[in-house]
2 protein chains.
Amino acid sequence: MIKIDIANALMQTLPVSKATALQVVDLLTERMKKALLDGDRIEIRGFGVFEPRPRKRGLGRNIKTGQSVEIPKGKSIRFKPGKDLRDIDVE
Amino acid sequence: MIKIDIANALMQTLPVSKATALQVVDLLTERMKKALLDGDRIEIRGFGVFEPRPRKRGLGRNIKTGQSVEIPKGKSIRFKPGKDLRDIDVE
DNA sequence: GCCTCCATGATCAAGATCGATATCGCCAAC
DNA sequence: GTTGGCGATATCGATCTTGATCATGGAGGC
């Protein structure tokens, strides 16, 4: 599933054009990105929680050189699946 | 940021009512949930990728008893932040 | 609809992080 | 205001992450 699929799903349910649907998807992702970059966590009950958290790790590995490289900085965005997504069970 | 905030963001940009905005958010999350439960991965360039992956780990821990409990089965939904979200760097 | 562009995936190694279970409080959702 | 999903906690091992590069494909342009 890619952006277009989501837009199509939106079109199938609401009376919007594909262009508008794409705008919606793009807008929402952009807003979410901004919020996450701002350090704000996004919590959607029943879906999941996006949580920016500081990365404490400071060591990585470079293939080509094989040397340990220090992980410079950073946060990671962690997505914690909500109840509905944790409940998944296949075969 | 919670669902209402996302709906508000949508309202501020597109000419939709709050009720419609909420419908949109709810619809999209639901569709994404279904896709993920279906084993489909969701890839949005510049935002991130939701990928259902089988959990290979088989060990957990029970607080009250302190005993190792086998992690039954299931998948986890992994969210891999896209380029824009990985680029974050605070102080 | 097809082509082009650039982001994404996989890889190797080492070390840190996550996950699951259970309970209570809190806040998201209705 | 009510309901119930979610956070935190603890332990221990497996998974993930980070970096660079090539190939694939998401996404946008014509």
# chains A, B, ... in the order shown; residues from 1 in each chain; ligands from 1
$ closest_atom_pairs --of "chain A" --to "chain B" --cutoff "9 Å" --atoms "only C-alpha atoms" --output "Markdown table"
| residue | atom | partner | partner_atom | distance |
| --- | --- | --- | --- | --- |
| A:Met1 | CA | B:Ile42 | CA | 4.7 |
| A:Ile2 | CA | B:Glu43 | CA | 5.1 |
| A:Lys3 | CA | B:Ile44 | CA | 5.7 |
| A:Ile6 | CA | B:Leu28 | CA | 7.0 |
| A:Ala7 | CA | B:Leu28 | CA | 8.8 |
| A:Ala9 | CA | B:Arg31 | CA | 7.2 |
| A:Leu10 | CA | B:Leu28 | CA | 7.0 |
| A:Thr13 | CA | B:Leu27 | CA | 8.2 |
| A:Leu14 | CA | B:Val24 | CA | 8.0 |
| A:Thr20 | CA | B:Leu14 | CA | 8.8 |
| A:Gln23 | CA | B:Leu14 | CA | 8.9 |
| A:Val24 | CA | B:Leu10 | CA | 7.3 |
| A:Val25 | CA | B:Leu28 | CA | 8.5 |
| A:Leu27 | CA | B:Leu10 | CA | 7.2 |
| A:Leu28 | CA | B:Ile6 | CA | 7.0 |
| A:Thr29 | CA | B:Phe47 | CA | 6.5 |
| A:Glu30 | CA | B:Phe47 | CA | 7.7 |
| A:Arg31 | CA | B:Ala9 | CA | 7.3 |
| A:Met32 | CA | B:Ile6 | CA | 7.8 |
| A:Lys33 | CA | B:Leu85 | CA | 6.7 |
| A:Lys34 | CA | B:Leu85 | CA | 8.9 |
| A:Ala35 | CA | B:Met1 | CA | 7.3 |
| A:Leu36 | CA | B:Leu85 | CA | 7.8 |
| A:Leu37 | CA | B:Ile88 | CA | 6.3 |
| A:Asp40 | CA | B:Met1 | CA | 6.5 |
| A:Arg41 | CA | B:Met1 | CA | 6.0 |
| A:Ile42 | CA | B:Met1 | CA | 4.7 |
| A:Glu43 | CA | B:Ile2 | CA | 5.1 |
| A:Ile44 | CA | B:Lys3 | CA | 5.8 |
| A:Arg45 | CA | B:Lys3 | CA | 8.2 |
| A:Gly46 | CA | B:Thr29 | CA | 8.9 |
| A:Phe47 | CA | B:Thr29 | CA | 6.6 |
| A:Phe50 | CA | B:Phe79 | CA | 8.9 |
| A:Lys73 | CA | B:Asp89 | CA | 6.5 |
| A:Gly74 | CA | B:Asp89 | CA | 4.9 |
| A:Lys75 | CA | B:Ile88 | CA | 6.6 |
| A:Ser76 | CA | B:Arg86 | CA | 7.0 |
| A:Ile77 | CA | B:Pro81 | CA | 6.3 |
| A:Arg78 | CA | B:Phe79 | CA | 6.9 |
| A:Phe79 | CA | B:Phe79 | CA | 5.6 |
| A:Lys80 | CA | B:Ile77 | CA | 7.9 |
| A:Pro81 | CA | B:Ile77 | CA | 6.3 |
| A:Asp84 | CA | B:Lys33 | CA | 7.7 |
| A:Leu85 | CA | B:Lys33 | CA | 6.7 |
| A:Arg86 | CA | B:Ser76 | CA | 6.8 |
| A:Asp87 | CA | B:Gly74 | CA | 7.9 |
| A:Ile88 | CA | B:Gly74 | CA | 6.1 |
| A:Asp89 | CA | B:Gly74 | CA | 4.6 |
| A:Val90 | CA | B:Gly74 | CA | 6.3 |
| A:Glu91 | CA | B:Gly74 | CA | 8.7 |
$ interface_residues --of "chain D" --to "chain A" --cutoff "7 Å" --atoms "only C-alpha atoms (C1' of nucleotides)" --output "list of chain:residue names"
D:DG5, D:DT18, D:DG19, D:DA20
$ write_last_selection --atoms "all heavy atoms" --output "PDB file, in the first residue's frame"
ATOM      1  P    DG D   5      -9.915  -1.126  25.583  1.00  0.00           P
ATOM      2  OP1  DG D   5     -11.034  -1.472  24.707  1.00  0.00           O
ATOM      3  OP2  DG D   5      -9.255  -2.140  26.422  1.00  0.00           O
ATOM      4  O5'  DG D   5      -8.785  -0.394  24.707  1.00  0.00           O
ATOM      5  C5'  DG D   5      -9.133   0.759  23.953  1.00  0.00           C
ATOM      6  C4'  DG D   5      -7.975   1.749  23.952  1.00  0.00           C
ATOM      7  O4'  DG D   5      -7.971   2.508  25.186  1.00  0.00           O
ATOM      8  C3'  DG D   5      -6.606   1.095  23.867  1.00  0.00           C
ATOM      9  O3'  DG D   5      -5.714   1.962  23.170  1.00  0.00           O
ATOM     10  C2'  DG D   5      -6.187   0.965  25.316  1.00  0.00           C
ATOM     11  C1'  DG D   5      -6.790   2.220  25.925  1.00  0.00           C
ATOM     12  N9   DG D   5      -7.194   2.082  27.317  1.00  0.00           N
ATOM     13  C8   DG D   5      -7.953   1.098  27.876  1.00  0.00           C
ATOM     14  N7   DG D   5      -8.170   1.264  29.157  1.00  0.00           N
ATOM     15  C5   DG D   5      -7.507   2.435  29.462  1.00  0.00           C
ATOM     16  C6   DG D   5      -7.379   3.122  30.695  1.00  0.00           C
ATOM     17  O6   DG D   5      -7.850   2.834  31.792  1.00  0.00           O
ATOM     18  N1   DG D   5      -6.611   4.273  30.565  1.00  0.00           N
ATOM     19  C2   DG D   5      -6.035   4.706  29.388  1.00  0.00           C
ATOM     20  N2   DG D   5      -5.324   5.814  29.461  1.00  0.00           N
ATOM     21  N3   DG D   5      -6.156   4.076  28.228  1.00  0.00           N
ATOM     22  C4   DG D   5      -6.898   2.952  28.336  1.00  0.00           C
ATOM     23  P    DT D  18      19.343   4.758  13.302  1.00  0.00           P
ATOM     24  OP1  DT D  18      18.736   5.856  14.097  1.00  0.00           O
ATOM     25  OP2  DT D  18      18.708   4.308  12.060  1.00  0.00           O
ATOM     26  O5'  DT D  18      20.850   5.151  13.004  1.00  0.00           O
ATOM     27  C5'  DT D  18      21.860   4.946  14.001  1.00  0.00           C
ATOM     28  C4'  DT D  18      23.218   4.813  13.335  1.00  0.00           C
ATOM     29  O4'  DT D  18      23.598   3.432  13.258  1.00  0.00           O
ATOM     30  C3'  DT D  18      23.239   5.352  11.898  1.00  0.00           C
ATOM     31  O3'  DT D  18      24.406   6.118  11.693  1.00  0.00           O
ATOM     32  C2'  DT D  18      23.236   4.120  11.039  1.00  0.00           C
ATOM     33  C1'  DT D  18      23.944   3.110  11.931  1.00  0.00           C
ATOM     34  N1   DT D  18      23.507   1.723  11.675  1.00  0.00           N
ATOM     35  C2   DT D  18      24.315   0.693  12.129  1.00  0.00           C
ATOM     36  O2   DT D  18      25.348   0.865  12.721  1.00  0.00           O
ATOM     37  N3   DT D  18      23.823  -0.561  11.833  1.00  0.00           N
ATOM     38  C4   DT D  18      22.663  -0.874  11.160  1.00  0.00           C
ATOM     39  O4   DT D  18      22.353  -2.028  10.960  1.00  0.00           O
ATOM     40  C5   DT D  18      21.891   0.254  10.725  1.00  0.00           C
ATOM     41  C7   DT D  18      20.616   0.021   9.981  1.00  0.00           C
ATOM     42  C6   DT D  18      22.346   1.479  11.003  1.00  0.00           C
ATOM     43  P    DG D  19      24.449   7.129  10.488  1.00  0.00           P
ATOM     44  OP1  DG D  19      25.049   8.379  10.995  1.00  0.00           O
ATOM     45  OP2  DG D  19      23.134   7.158   9.814  1.00  0.00           O
ATOM     46  O5'  DG D  19      25.474   6.426   9.517  1.00  0.00           O
ATOM     47  C5'  DG D  19      26.770   6.021   9.995  1.00  0.00           C
ATOM     48  C4'  DG D  19      27.614   5.589   8.817  1.00  0.00           C
ATOM     49  O4'  DG D  19      27.527   4.154   8.665  1.00  0.00           O
ATOM     50  C3'  DG D  19      27.174   6.183   7.479  1.00  0.00           C
ATOM     51  O3'  DG D  19      28.305   6.422   6.652  1.00  0.00           O
ATOM     52  C2'  DG D  19      26.278   5.099   6.899  1.00  0.00           C
ATOM     53  C1'  DG D  19      26.892   3.822   7.439  1.00  0.00           C
ATOM     54  N9   DG D  19      25.898   2.803   7.731  1.00  0.00           N
ATOM     55  C8   DG D  19      24.611   3.008   8.153  1.00  0.00           C
ATOM     56  N7   DG D  19      23.942   1.898   8.337  1.00  0.00           N
ATOM     57  C5   DG D  19      24.851   0.897   8.022  1.00  0.00           C
ATOM     58  C6   DG D  19      24.697  -0.508   8.023  1.00  0.00           C
ATOM     59  O6   DG D  19      23.712  -1.169   8.326  1.00  0.00           O
ATOM     60  N1   DG D  19      25.868  -1.147   7.628  1.00  0.00           N
ATOM     61  C2   DG D  19      27.031  -0.522   7.267  1.00  0.00           C
ATOM     62  N2   DG D  19      28.036  -1.301   6.924  1.00  0.00           N
ATOM     63  N3   DG D  19      27.186   0.799   7.262  1.00  0.00           N
ATOM     64  C4   DG D  19      26.056   1.438   7.639  1.00  0.00           C
ATOM     65  P    DA D  20      28.045   7.252   5.301  1.00  0.00           P
ATOM     66  OP1  DA D  20      29.099   8.289   5.249  1.00  0.00           O
ATOM     67  OP2  DA D  20      26.624   7.641   5.199  1.00  0.00           O
ATOM     68  O5'  DA D  20      28.341   6.175   4.175  1.00  0.00           O
ATOM     69  C5'  DA D  20      29.592   5.464   4.195  1.00  0.00           C
ATOM     70  C4'  DA D  20      29.688   4.574   2.969  1.00  0.00           C
ATOM     71  O4'  DA D  20      28.860   3.407   3.173  1.00  0.00           O
ATOM     72  C3'  DA D  20      29.188   5.217   1.681  1.00  0.00           C
ATOM     73  O3'  DA D  20      29.951   4.730   0.575  1.00  0.00           O
ATOM     74  C2'  DA D  20      27.748   4.777   1.597  1.00  0.00           C
ATOM     75  C1'  DA D  20      27.753   3.409   2.275  1.00  0.00           C
ATOM     76  N9   DA D  20      26.556   3.151   3.059  1.00  0.00           N
ATOM     77  C8   DA D  20      25.784   4.049   3.726  1.00  0.00           C
ATOM     78  N7   DA D  20      24.771   3.509   4.351  1.00  0.00           N
ATOM     79  C5   DA D  20      24.885   2.157   4.073  1.00  0.00           C
ATOM     80  C6   DA D  20      24.130   1.044   4.442  1.00  0.00           C
ATOM     81  N6   DA D  20      23.041   1.109   5.210  1.00  0.00           N
ATOM     82  N1   DA D  20      24.523  -0.159   3.990  1.00  0.00           N
ATOM     83  C2   DA D  20      25.617  -0.231   3.226  1.00  0.00           C
ATOM     84  N3   DA D  20      26.417   0.743   2.809  1.00  0.00           N
ATOM     85  C4   DA D  20      25.994   1.921   3.276  1.00  0.00           C
TER      86       DA D  20
END
$ interface_residues --of "chain C" --to "chain A" --cutoff "6 Å" --atoms "only C-alpha atoms (C1' of nucleotides)" --output "list in words"
DC12, DA13 and DA16 of chain C
$ atom_distance --atom1 "atom C1' of DT21 of chain D" --atom2 "atom C1' of DA7 of chain C"
13.6 Å
$ atom_distance --atom1 "atom C1' of DT15 of chain D" --atom2 "atom C1' of DG19 of chain C"
10.1 Å
